[in-house]
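Student: Sending over entry_30.csv (CSV, C-alpha atoms and all ligand atoms).
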chain,number,residue,atom,x,y,z
A,108,MET,CA,-25.7,-72.7,-27.1
A,109,THR,CA,-27.3,-75.4,-25.0
A,110,LEU,CA,-28.9,-74.8,-21.6
A,111,ARG,CA,-26.1,-76.7,-20.1
A,112,ASP,CA,-23.4,-74.3,-21.6
A,113,LEU,CA,-25.4,-71.3,-20.3
A,114,ASN,CA,-25.4,-72.8,-16.8
A,115,GLN,CA,-21.7,-73.5,-16.9
A,116,LEU,CA,-21.0,-69.9,-17.9
A,117,ARG,CA,-23.2,-68.6,-15.1
A,118,GLU,CA,-21.4,-70.8,-12.6
A,119,LYS,CA,-18.1,-69.2,-13.8
A,120,LEU,CA,-19.6,-65.7,-13.3
A,121,ASP,CA,-20.8,-66.7,-9.8
A,122,THR,CA,-17.3,-67.8,-8.9
A,123,ILE,CA,-15.7,-64.6,-10.3
A,124,ASN,CA,-18.3,-62.5,-8.4
A,125,VAL,CA,-17.1,-64.0,-5.1
A,126,GLN,CA,-13.5,-63.5,-6.1
A,127,LEU,CA,-14.2,-59.9,-7.0
A,128,LEU,CA,-15.9,-59.4,-3.7
A,129,GLU,CA,-12.9,-60.8,-1.9
A,130,ILE,CA,-10.6,-58.5,-3.8
A,131,LEU,CA,-12.8,-55.5,-3.3
A,132,SER,CA,-13.0,-56.1,0.4
A,133,GLU,CA,-9.2,-56.5,0.6
A,134,ARG,CA,-8.9,-53.2,-1.3
A,135,ALA,CA,-11.4,-51.5,1.1
A,136,ARG,CA,-9.4,-52.7,4.1
A,137,ILE,CA,-6.2,-51.2,2.7
A,138,SER,CA,-8.0,-48.0,1.9
A,139,GLN,CA,-9.2,-47.9,5.5
A,140,GLU,CA,-5.6,-48.3,6.7
A,141,ILE,CA,-4.6,-45.4,4.4
A,142,GLY,CA,-7.5,-43.4,5.9
A,143,GLU,CA,-6.2,-44.1,9.5
A,144,GLU,CA,-2.7,-43.0,8.5
A,145,LYS,CA,-4.1,-39.9,6.8
A,146,GLU,CA,-6.0,-39.0,9.9
A,147,LYS,CA,-2.8,-39.3,12.0
A,148,GLN,CA,-0.9,-37.1,9.6
A,149,GLY,CA,-3.8,-34.6,9.3
A,150,VAL,CA,-4.0,-35.2,5.5
A,151,PRO,CA,-7.4,-34.8,3.8
A,152,GLU,CA,-9.0,-38.2,2.8
A,153,PHE,CA,-10.2,-37.1,-0.6
A,154,ASP,CA,-7.2,-36.9,-3.0
A,155,PRO,CA,-8.3,-36.1,-6.6
A,156,ILE,CA,-4.7,-36.2,-7.9
A,157,ARG,CA,-4.2,-39.7,-6.6
A,158,GLU,CA,-7.6,-40.8,-8.0
A,159,LYS,CA,-6.7,-39.3,-11.4
A,160,TYR,CA,-3.3,-41.1,-11.4
A,161,MET,CA,-5.1,-44.5,-10.6
A,162,LEU,CA,-7.7,-43.9,-13.4
A,163,ASP,CA,-4.9,-43.1,-15.9
A,164,VAL,CA,-3.0,-46.3,-15.0
A,165,LEU,CA,-6.2,-48.3,-15.4
A,166,VAL,CA,-7.1,-46.8,-18.7
A,167,ALA,CA,-3.6,-47.4,-20.0
A,168,ASN,CA,-3.9,-51.0,-19.1
A,169,ASN,CA,-7.4,-51.4,-20.4
A,170,LYS,CA,-7.6,-54.1,-23.1
A,171,GLY,CA,-11.4,-54.1,-23.4
A,172,PRO,CA,-14.1,-55.2,-23.8
A,173,PHE,CA,-15.2,-52.4,-21.5
A,174,ASP,CA,-14.4,-48.9,-23.0
A,175,ASP,CA,-12.3,-46.4,-21.1
A,176,LYS,CA,-15.3,-44.4,-20.0
A,177,THR,CA,-16.9,-47.4,-18.4
A,178,ILE,CA,-13.7,-48.3,-16.7
A,179,ARG,CA,-13.4,-44.8,-15.3
A,180,HIS,CA,-17.0,-44.9,-14.1
A,181,LEU,CA,-16.7,-48.3,-12.5
A,182,PHE,CA,-13.5,-47.5,-10.6
A,183,LYS,CA,-14.7,-44.0,-9.6
A,184,GLN,CA,-17.5,-45.9,-7.8
A,185,ILE,CA,-15.0,-48.0,-6.0
A,186,PHE,CA,-12.9,-44.9,-5.0
A,187,GLN,CA,-16.0,-43.2,-3.8
A,188,ALA,CA,-17.1,-46.1,-1.7
A,189,SER,CA,-13.6,-46.4,-0.2
A,190,LEU,CA,-13.6,-42.7,0.5
A,191,ASN,CA,-17.0,-43.0,2.3
A,192,LEU,CA,-15.5,-45.7,4.5
A,193,GLN,CA,-12.6,-43.5,5.4
A,194,GLN,CA,-14.9,-40.6,6.2
A,195,GLU,CA,-17.3,-42.7,8.3
A,196,GLU,CA,-14.3,-43.7,10.4
A,197,HIS,CA,-13.0,-40.1,10.5
A,198,LYS,CA,-16.5,-38.9,11.8
A,199,LYS,CA,-16.1,-41.3,14.8
A,200,HIS,CA,-12.9,-39.5,15.8
A,201,LEU,CA,-14.4,-36.0,15.9
A,202,LEU,CA,-14.0,-34.3,19.3
A,203,VAL,CA,-17.8,-33.8,19.4
A,204,SER,CA,-18.4,-37.4,18.7
A,205,ARG,CA,-19.9,-39.8,21.3
A,206,ASN,CA,-17.1,-42.3,20.4
A,207,THR,CA,-14.5,-39.8,21.5
A,208,GLN,CA,-16.2,-39.0,24.8
A,209,LYS,CA,-18.8,-41.3,26.2
A,210,GLU,CA,-20.0,-39.1,29.1
A,211,ASN,CA,-22.4,-36.1,28.3
A,212,THR,CA,-20.8,-32.7,28.3
A,213,ILE,CA,-22.5,-30.7,31.0
A,214,ILE,CA,-22.7,-26.9,30.9
A,215,ASN,CA,-23.2,-25.1,34.2
A,216,LEU,CA,-25.1,-21.9,34.0
A,217,GLY,CA,-25.5,-20.7,37.5
A,218,ASN,CA,-27.5,-23.2,39.5
A,219,ILE,CA,-28.6,-25.2,36.5
A,220,SER,CA,-26.6,-27.7,34.4
A,221,VAL,CA,-27.5,-28.2,30.8
A,222,GLY,CA,-27.0,-31.8,29.6
A,223,GLY,CA,-26.9,-33.3,33.0
A,224,GLY,CA,-30.2,-35.2,32.6
A,225,LYS,CA,-32.5,-32.5,34.0
A,226,PRO,CA,-34.0,-30.6,31.0
A,227,VAL,CA,-34.1,-26.8,31.1
A,228,MET,CA,-36.4,-24.1,29.9
A,229,ILE,CA,-34.8,-21.0,28.3
A,230,ALA,CA,-37.0,-18.1,27.5
A,231,GLY,CA,-36.9,-14.4,26.6
A,232,PRO,CA,-37.7,-11.9,24.0
A,233,CYS,CA,-36.6,-12.2,20.3
A,234,SER,CA,-35.0,-8.8,20.5
A,235,VAL,CA,-33.7,-6.6,23.3
A,236,GLU,CA,-35.8,-3.5,22.6
A,237,SER,CA,-35.4,-1.4,25.7
A,238,TYR,CA,-34.2,-1.6,29.3
A,239,GLY,CA,-37.9,-1.5,30.5
A,240,GLN,CA,-39.0,-4.3,28.1
A,241,VAL,CA,-36.1,-6.7,29.2
A,242,ARG,CA,-36.8,-5.9,32.9
A,243,GLN,CA,-40.5,-6.8,32.4
A,244,VAL,CA,-39.6,-10.1,30.8
A,245,ALA,CA,-37.0,-10.9,33.4
A,246,ALA,CA,-39.4,-10.3,36.3
A,247,ALA,CA,-42.0,-12.5,34.7
A,248,LEU,CA,-39.5,-15.3,34.0
A,249,LYS,CA,-38.0,-15.0,37.5
A,250,ALA,CA,-41.5,-15.3,39.0
A,251,ALA,CA,-42.1,-18.5,36.9
A,252,GLY,CA,-38.8,-20.0,38.1
A,253,ILE,CA,-36.8,-19.6,34.9
A,254,THR,CA,-33.1,-18.9,35.4
A,255,VAL,CA,-31.8,-18.5,31.8
A,256,MET,CA,-33.0,-15.6,29.6
A,257,ARG,CA,-32.4,-15.1,25.9
A,258,GLY,CA,-32.5,-11.8,24.1
A,259,GLY,CA,-31.2,-10.7,20.7
A,260,ALA,CA,-29.0,-7.6,20.5
A,261,TYR,CA,-27.5,-8.1,17.1
A,262,LYS,CA,-30.4,-9.2,14.8
A,263,PRO,CA,-29.5,-10.8,11.4
A,264,ARG,CA,-32.8,-10.0,9.6
A,265,THR,CA,-33.9,-11.1,6.2
A,266,SER,CA,-34.5,-7.5,5.2
A,267,PRO,CA,-32.0,-4.7,5.8
A,268,TYR,CA,-34.9,-2.4,6.5
A,269,ASP,CA,-36.1,-4.4,9.5
A,270,PHE,CA,-35.0,-3.7,13.1
A,271,GLN,CA,-31.3,-4.6,13.3
A,272,GLY,CA,-31.1,-4.7,17.1
A,273,LEU,CA,-29.5,-2.4,19.7
A,274,GLY,CA,-26.0,-3.9,19.4
A,275,LYS,CA,-23.7,-3.4,22.3
A,276,GLU,CA,-26.3,-1.3,24.1
A,277,GLY,CA,-28.5,-4.3,24.1
A,278,LEU,CA,-25.8,-6.5,25.6
A,279,LYS,CA,-25.4,-3.9,28.4
A,280,ILE,CA,-29.1,-4.1,29.1
A,281,LEU,CA,-28.9,-7.8,29.3
A,282,LYS,CA,-26.0,-7.6,31.7
A,283,GLU,CA,-27.7,-5.1,34.0
A,284,VAL,CA,-31.1,-6.9,34.0
A,285,GLY,CA,-29.5,-10.3,34.3
A,286,THR,CA,-27.5,-9.2,37.3
A,287,GLU,CA,-30.5,-7.5,39.0
A,288,PHE,CA,-32.7,-10.7,38.6
A,289,GLY,CA,-30.0,-13.3,39.0
A,290,LEU,CA,-30.6,-14.7,35.5
A,291,LYS,CA,-28.0,-16.1,33.1
A,292,THR,CA,-28.2,-14.5,29.7
A,293,ILE,CA,-27.9,-15.7,26.1
A,294,SER,CA,-27.5,-13.4,23.0
A,295,GLU,CA,-26.5,-13.9,19.4
A,296,ILE,CA,-23.2,-12.5,18.2
A,297,VAL,CA,-22.7,-12.1,14.4
A,298,ASP,CA,-19.3,-10.6,14.1
A,299,PRO,CA,-16.1,-12.5,15.0
A,300,SER,CA,-14.6,-9.2,16.3
A,301,HIS,CA,-17.4,-8.9,18.8
A,302,ILE,CA,-17.0,-12.2,20.5
A,303,GLU,CA,-14.4,-11.2,23.1
A,304,MET,CA,-16.3,-8.0,24.0
A,305,ALA,CA,-19.6,-9.9,24.3
A,306,CYS,CA,-18.1,-12.3,26.9
A,307,ASN,CA,-18.0,-9.3,29.3
A,308,TYR,CA,-21.8,-8.9,29.1
A,309,ILE,CA,-23.4,-12.2,28.5
A,310,ASP,CA,-23.1,-15.8,29.8
A,311,VAL,CA,-23.8,-17.7,26.6
A,312,ILE,CA,-22.9,-16.7,23.0
A,313,GLN,CA,-25.4,-17.8,20.5
A,314,ILE,CA,-24.4,-18.5,17.0
A,315,GLY,CA,-27.5,-18.2,14.8
A,316,ALA,CA,-28.8,-20.4,12.1
A,317,ARG,CA,-27.7,-18.1,9.3
A,318,ASN,CA,-24.1,-18.2,10.7
A,319,MET,CA,-23.8,-22.0,11.4
A,320,GLN,CA,-21.2,-22.2,8.7
A,321,ASN,CA,-19.6,-18.8,9.3
A,322,PHE,CA,-16.3,-20.4,10.0
A,323,GLU,CA,-14.4,-17.3,11.1
A,324,LEU,CA,-17.2,-16.7,13.7
A,325,LEU,CA,-17.0,-20.3,14.8
A,326,LYS,CA,-13.3,-20.1,15.2
A,327,ALA,CA,-13.6,-16.9,17.2
A,328,ALA,CA,-16.2,-18.5,19.5
A,329,GLY,CA,-13.8,-21.5,19.9
A,330,ASP,CA,-11.1,-19.2,21.1
A,331,VAL,CA,-13.0,-17.9,24.2
A,332,ARG,CA,-14.2,-20.0,27.2
A,333,THR,CA,-17.7,-18.7,27.3
A,334,PRO,CA,-20.4,-21.3,26.6
A,335,VAL,CA,-21.8,-21.3,23.0
A,336,LEU,CA,-25.3,-22.1,21.9
A,337,LEU,CA,-25.0,-23.2,18.2
A,338,LYS,CA,-28.1,-23.2,16.1
A,339,ARG,CA,-28.6,-25.6,13.3
A,340,GLY,CA,-28.5,-23.9,9.9
A,341,LEU,CA,-31.7,-23.4,7.8
A,342,ALA,CA,-30.5,-26.0,5.4
A,343,GLY,CA,-27.8,-27.6,7.5
A,344,THR,CA,-27.5,-31.4,7.6
A,345,ILE,CA,-26.8,-33.1,10.9
A,346,GLU,CA,-23.3,-33.9,9.6
A,347,GLU,CA,-22.6,-30.2,8.8
A,348,PHE,CA,-24.1,-29.2,12.1
A,349,LEU,CA,-21.7,-31.5,14.0
A,350,HIS,CA,-18.7,-30.3,11.9
A,351,ALA,CA,-19.7,-26.6,12.8
A,352,ALA,CA,-19.6,-27.6,16.5
A,353,GLU,CA,-16.2,-29.3,15.9
A,354,TYR,CA,-14.8,-25.9,14.7
A,355,ILE,CA,-15.6,-24.4,18.1
A,356,VAL,CA,-14.5,-27.4,20.2
A,357,SER,CA,-11.3,-28.0,18.2
A,358,ARG,CA,-10.2,-24.5,19.2
A,359,GLY,CA,-10.5,-25.4,22.9
A,360,ASN,CA,-14.0,-24.2,23.8
A,361,THR,CA,-15.6,-27.4,24.9
A,362,GLN,CA,-18.7,-25.7,26.3
A,363,VAL,CA,-21.0,-26.1,23.2
A,364,MET,CA,-24.8,-26.7,23.2
A,365,LEU,CA,-26.5,-27.6,20.0
A,366,ILE,CA,-30.0,-26.3,19.2
A,367,GLU,CA,-32.4,-27.7,16.6
A,368,ARG,CA,-34.5,-24.8,15.2
A,369,GLY,CA,-36.3,-26.3,12.3
A,370,ILE,CA,-35.1,-26.8,8.8
A,371,ARG,CA,-36.4,-25.5,5.4
A,372,THR,CA,-38.7,-27.9,3.6
A,373,TYR,CA,-41.6,-27.5,1.2
A,374,GLU,CA,-44.1,-27.6,4.2
A,375,LYS,CA,-45.8,-24.3,4.7
A,376,ALA,CA,-48.0,-25.1,7.7
A,377,THR,CA,-45.1,-24.3,10.0
A,378,ARG,CA,-42.4,-21.6,9.7
A,379,ASN,CA,-39.8,-24.3,9.4
A,380,THR,CA,-40.0,-28.1,9.8
A,381,LEU,CA,-39.0,-29.1,13.3
A,382,ASP,CA,-36.7,-32.1,12.8
A,383,ILE,CA,-37.5,-34.1,15.9
A,384,SER,CA,-35.4,-37.0,14.7
A,385,ALA,CA,-32.4,-34.8,14.9
A,386,VAL,CA,-32.6,-34.8,18.7
A,387,PRO,CA,-32.0,-38.5,19.3
A,388,ILE,CA,-29.6,-38.7,16.4
A,389,LEU,CA,-27.5,-35.8,17.8
A,390,LYS,CA,-27.7,-37.3,21.3
A,391,GLN,CA,-26.4,-40.6,19.9
A,392,GLU,CA,-23.7,-39.2,17.8
A,393,SER,CA,-22.5,-36.4,20.1
A,394,HIS,CA,-21.9,-35.9,23.8
A,395,LEU,CA,-23.0,-32.2,23.5
A,396,PRO,CA,-26.3,-31.0,25.0
A,397,VAL,CA,-29.1,-30.8,22.5
A,398,LEU,CA,-31.9,-28.2,22.8
A,399,VAL,CA,-34.9,-27.4,20.7
A,400,ASP,CA,-36.2,-23.9,19.8
A,401,VAL,CA,-39.9,-24.3,19.5
A,402,THR,CA,-40.5,-20.7,18.5
A,403,HIS,CA,-38.5,-20.6,15.3
A,404,SER,CA,-39.1,-24.2,14.3
A,405,THR,CA,-42.9,-24.0,14.4
A,406,GLY,CA,-43.6,-20.3,14.2
A,407,ARG,CA,-47.0,-21.2,15.7
A,408,LYS,CA,-48.1,-20.5,19.3
A,409,ASP,CA,-50.9,-23.2,19.0
A,410,ILE,CA,-48.5,-26.1,18.7
A,411,MET,CA,-45.5,-24.9,20.8
A,412,ALA,CA,-46.5,-27.0,23.9
A,413,PRO,CA,-46.9,-30.3,22.1
A,414,CYS,CA,-43.7,-29.7,20.1
A,415,ALA,CA,-41.8,-28.9,23.3
A,416,LYS,CA,-43.1,-32.1,24.9
A,417,ALA,CA,-42.1,-34.0,21.8
A,418,ALA,CA,-38.6,-32.6,22.0
A,419,LEU,CA,-38.3,-33.6,25.6
A,420,ALA,CA,-39.7,-37.0,25.0
A,421,ALA,CA,-37.1,-37.4,22.2
A,422,GLY,CA,-34.4,-36.7,24.7
A,423,ALA,CA,-33.7,-33.0,24.4
A,424,ASP,CA,-31.8,-31.3,27.2
A,425,GLY,CA,-33.9,-28.2,27.0
A,426,VAL,CA,-36.4,-26.1,25.2
A,427,MET,CA,-36.1,-22.5,24.1
A,428,VAL,CA,-39.1,-20.2,23.6
A,429,GLU,CA,-39.6,-16.5,22.9
A,430,VAL,CA,-41.6,-14.4,25.4
A,431,HIS,CA,-42.5,-10.7,25.0
A,432,PRO,CA,-44.6,-8.4,27.3
A,433,GLU,CA,-46.7,-7.3,24.3
A,434,PRO,CA,-45.9,-9.5,21.2
A,435,SER,CA,-48.1,-7.5,18.8
A,436,THR,CA,-45.8,-4.5,19.3
A,437,ALA,CA,-42.6,-6.5,19.1
A,438,LEU,CA,-39.9,-5.2,16.8
A,439,SER,CA,-39.2,-8.7,15.5
A,440,ASP,CA,-41.1,-12.1,15.5
A,441,ALA,CA,-44.4,-10.3,16.5
A,442,ALA,CA,-46.5,-13.3,15.4
A,443,GLN,CA,-44.9,-16.0,17.4
A,444,GLN,CA,-43.7,-14.7,20.7
A,445,LEU,CA,-45.8,-15.6,23.7
A,446,ASN,CA,-47.2,-13.0,26.1
A,447,PHE,CA,-46.8,-13.6,29.8
A,448,GLU,CA,-50.2,-15.3,30.1
A,449,GLU,CA,-49.5,-17.6,27.1
A,450,PHE,CA,-46.0,-18.4,28.5
A,451,LYS,CA,-47.4,-19.4,31.8
A,452,ARG,CA,-50.0,-21.7,30.2
A,453,PHE,CA,-47.3,-23.1,27.9
A,454,TYR,CA,-44.8,-23.7,30.8
A,455,THR,CA,-47.5,-25.2,33.0
A,456,GLU,CA,-48.5,-27.7,30.3
A,457,VAL,CA,-45.0,-28.7,29.6
A,458,LYS,CA,-44.2,-29.1,33.3
A,459,GLN,CA,-47.4,-31.1,33.8
A,460,SER,CA,-46.1,-33.6,31.2
A,461,GLY,CA,-43.5,-34.6,33.8
A,462,LEU,CA,-40.8,-34.4,31.0
A,463,LEU,CA,-39.2,-31.2,32.3
A,464,ASN,CA,-38.6,-32.5,35.7
A,465,GLU,CA,-37.8,-29.0,37.1
B,501,LIG,O1,-4.6,-43.6,-2.0
B,501,LIG,C1,-5.1,-42.8,-1.2
B,501,LIG,O2,-4.6,-41.8,-0.8
B,501,LIG,C2,-6.4,-43.2,-0.6
B,501,LIG,O3,-6.9,-42.5,0.3
B,501,LIG,C3,-7.2,-44.3,-1.2
B,501,LIG,C4,-8.4,-43.9,-2.0
B,501,LIG,C5,-9.0,-45.1,-2.7
B,501,LIG,O4,-9.4,-46.0,-1.9
B,501,LIG,O5,-9.2,-45.2,-3.9
B,501,LIG,C6,-9.4,-43.2,-1.2
B,501,LIG,C7,-9.6,-41.8,-1.3
B,501,LIG,C8,-8.9,-40.9,-2.1
B,501,LIG,O6,-9.7,-39.9,-2.7
B,501,LIG,C9,-8.1,-41.6,-3.1
B,501,LIG,C10,-7.9,-43.0,-3.1
Could you show the structure in this file as structure tokens?
Tutor:
Amino acid sequence: MTLRDLNQLREKLDTINVQLLEILSERARISQEIGEEKEKQGVPEFDPIREKYMLDVLVANNKGPFDDKTIRHLFKQIFQASLNLQQEEHKKHLLVSRNTQKENTIINLGNISVGGGKPVMIAGPCSVESYGQVRQVAAALKAAGITVMRGGAYKPRTSPYDFQGLGKEGLKILKEVGTEFGLKTISEIVDPSHIEMACNYIDVIQIGARNMQNFELLKAAGDVRTPVLLKRGLAGTIEEFLHAAEYIVSRGNTQVMLIERGIRTYEKATRNTLDISAVPILKQESHLPVLVDVTHSTGRKDIMAPCAKAALAAGADGVMVEVHPEPSTALSDAAQQLNFEEFKRFYTEVKQSGLLNE
């Protein structure tokens, strides 16, 4: 074969490549149209039976030189790429998506609004341990000007032998103390059958990281009209996080706040890895308020203030931090809760950055 012949063959390939591209693009456009129709009809995009049928037809028509396995592989890539296109489009239509609602969702908690452009500080003990302990924290928070207090009554702990929380008794304490000090309260609920009951005692239902994909719990939280603080799962992707929020919003409860709390990585210097990039991504992709939990993400008191400032600089609508009257005696998270003095220093430093704007 002469050099001239080789060049002629390559020119033929170049032409076919462009033709293939045109055909592939045309196929992709049709697949997108199918995707839109599927969305309207509420039919899932991925259809393995349809894919199997198409592959069988292709293999039946295959005259070589590619073997059947190669044909299956090549076309499966095309199906997958088309499916990705359909799913990208579908994501834009989620109720939690910024494409569906341009304006920020604002959640009013007493005299503060979360998501309205004025970031908030939420603080409180990891666990509700006693009436006296919650009262002490509430008094310190009130004095500092905090108006939303967190406190865990149902504690999903790694070990079944660790303190499991005071349950309903803990919710009652939060209600009593919250009312006395004029504070709004947040507490985690772990059982779908407790959601309705909890609404009588607390102002915000928290769904914890371990329950981000507890779909029955998400549905139950979607059926009430109490605001929900949804934590990102330990290994939850941003896409999974948004779909978890969609579970709640699609049931009619539009009052959802997202909270980044660190994800599991190989890094051991912090308890989890605070994914700061999640903040601007979530703000771009969703209209829901985005907060950052600096206690669980870092697990380190010495870097909580810079991480809180980083979160606010990245666009977070608020920061959550754990505070305890005497952290060394705390029944959970003893190492990372701030005492009142430490909280004051932390809060002052964050306020001085001018990012909190309270
Ligand atoms: O035919 C369909 O139902 C499509 O949605 C199209 C298509 C494709 O483009 O190959 C896309 C996703 C499905 O998994 C199967 C096929």
Student: At most 12 Å is the cut-off: for each residue in range 435-458 of chain A with any atom that close to an atom of range 258-280 of chain A, write down the nearest atom pair and the distance in Å rounded to one decimal, counting only C-alpha atoms, chain first then increasing number, as a tab-separated table.
Tutor:
residue	atom	partner	partner_atom	distance
A:Ala437	CA	A:Phe270	CA	10.1
A:Leu438	CA	A:Phe270	CA	6.3
A:Ser439	CA	A:Phe270	CA	7.0
A:Asp440	CA	A:Arg264	CA	10.4
A:Ala441	CA	A:Phe270	CA	12.0
Student: Pick out the residues sitting within 8 Å of range 452-458 of chain A, and hand them over as a ChimeraX atom specification; count all atoms listed in the file, and ignore anything fewer than 4 positions along from it in its own chain.
Tutor: /A:411-413,415-416,448,462-465
Student: Keeping only C-alpha atoms, write the selected residues to a file as an mmCIF file, in the frame of the given file.
Tutor:
data_model
loop_
_atom_site.group_PDB
_atom_site.id
_atom_site.type_symbol
_atom_site.label_atom_id
_atom_site.label_comp_id
_atom_site.auth_asym_id
_atom_site.auth_seq_id
_atom_site.Cartn_x
_atom_site.Cartn_y
_atom_site.Cartn_z
ATOM 1 C CA MET A 411 -45.500 -24.900 20.800
ATOM 2 C CA ALA A 412 -46.500 -27.000 23.900
ATOM 3 C CA PRO A 413 -46.900 -30.300 22.100
ATOM 4 C CA ALA A 415 -41.800 -28.900 23.300
ATOM 5 C CA LYS A 416 -43.100 -32.100 24.900
ATOM 6 C CA GLU A 448 -50.200 -15.300 30.100
ATOM 7 C CA LEU A 462 -40.800 -34.400 31.000
ATOM 8 C CA LEU A 463 -39.200 -31.200 32.300
ATOM 9 C CA ASN A 464 -38.600 -32.500 35.700
ATOM 10 C CA GLU A 465 -37.800 -29.000 37.100
#
Student: Using only C-alpha atoms and all ligand atoms, pick whichever of A:Lys375, A:Lys176, A:Arg117, A:Lys183 has the shortest atom-to-atom distance to ligand LIG 501 (chain B).
Tutor: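 Residue with the minimum atom-to-atom distance to ligand LIG 501 (chain B): A:Lys183.
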Student: Mind listing the residues within 10 Å of ligand LIG 501 (chain B), only C-alpha atoms and all ligand atoms counted, as a PyMOL selection string?
Tutor: chain A and resi 134-145+150-162+182-194
Student: Could you name the residues that touch Arg205 in chain A at 8 Å or less, counting all atoms listed in the file, but leaving out those on the same chain fewer than 4 positions away, as a ChimeraX atom specification?
Tutor: /A:199,209-210,391-394
Student: Tell me, in Å to one decimal, how far CA of Gln320 in chain A is from CA of Ala352 in chain A.
Tutor: 9.6 Å
Student: Residues at most 10 Å from Val203 in chain A, counting all atoms listed in the file, excluding those fewer than 4 positions away in the same chain, as a PyMOL selection string?
Tutor: chain A and resi 198-199+207-208+212+349-357+361+363+392-395
Student: For the contact check between range 206-275 of chain A and range 328-344 of chain A, emit one row per residue of range 206-275 of chain A within 12 Å, containing the shortest atom pair and the distance in Å rounded to one decimal, counting all atoms listed in the file, chain then rising number order, as a tab-separated table.
Tutor:
residue	atom	partner	partner_atom	distance
A:Thr212	CA	A:Pro334	CA	11.5
A:Ile213	CA	A:Pro334	CA	10.6
A:Ile214	CA	A:Pro334	CA	7.4
A:Asn215	CA	A:Pro334	CA	8.9
A:Leu216	CA	A:Pro334	CA	8.8
A:Ser220	CA	A:Pro334	CA	11.8
A:Val221	CA	A:Pro334	CA	10.8
A:Ile229	CA	A:Leu336	CA	11.5
A:Arg257	CA	A:Leu336	CA	10.7
Student: Between A:Ile370, A:Leu398, A:Ile293, A:Cys414, which one has atoms that come closest to Met427 in chain A, using all atoms listed in the file?
Tutor: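 Comparing A:Ile370, A:Leu398, A:Ile293, A:Cys414 against Met427 in chain A, the winner is A:Leu398.
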Student: Calculate how many Å separate CA of Val244 in chain A from CA of Val399 in chain A, rounding to one decimal.
Tutor: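 Between CA of Val244 in chain A and CA of Val399 in chain A the gap works out to 20.6 Å.
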Student: May I ask which of the residues A:Asp382, A:Glu367, A:Glu449, A:Glu323 is the closest one to Ser300 in chain A, counting only C-alpha atoms?
Tutor: A:Glu323
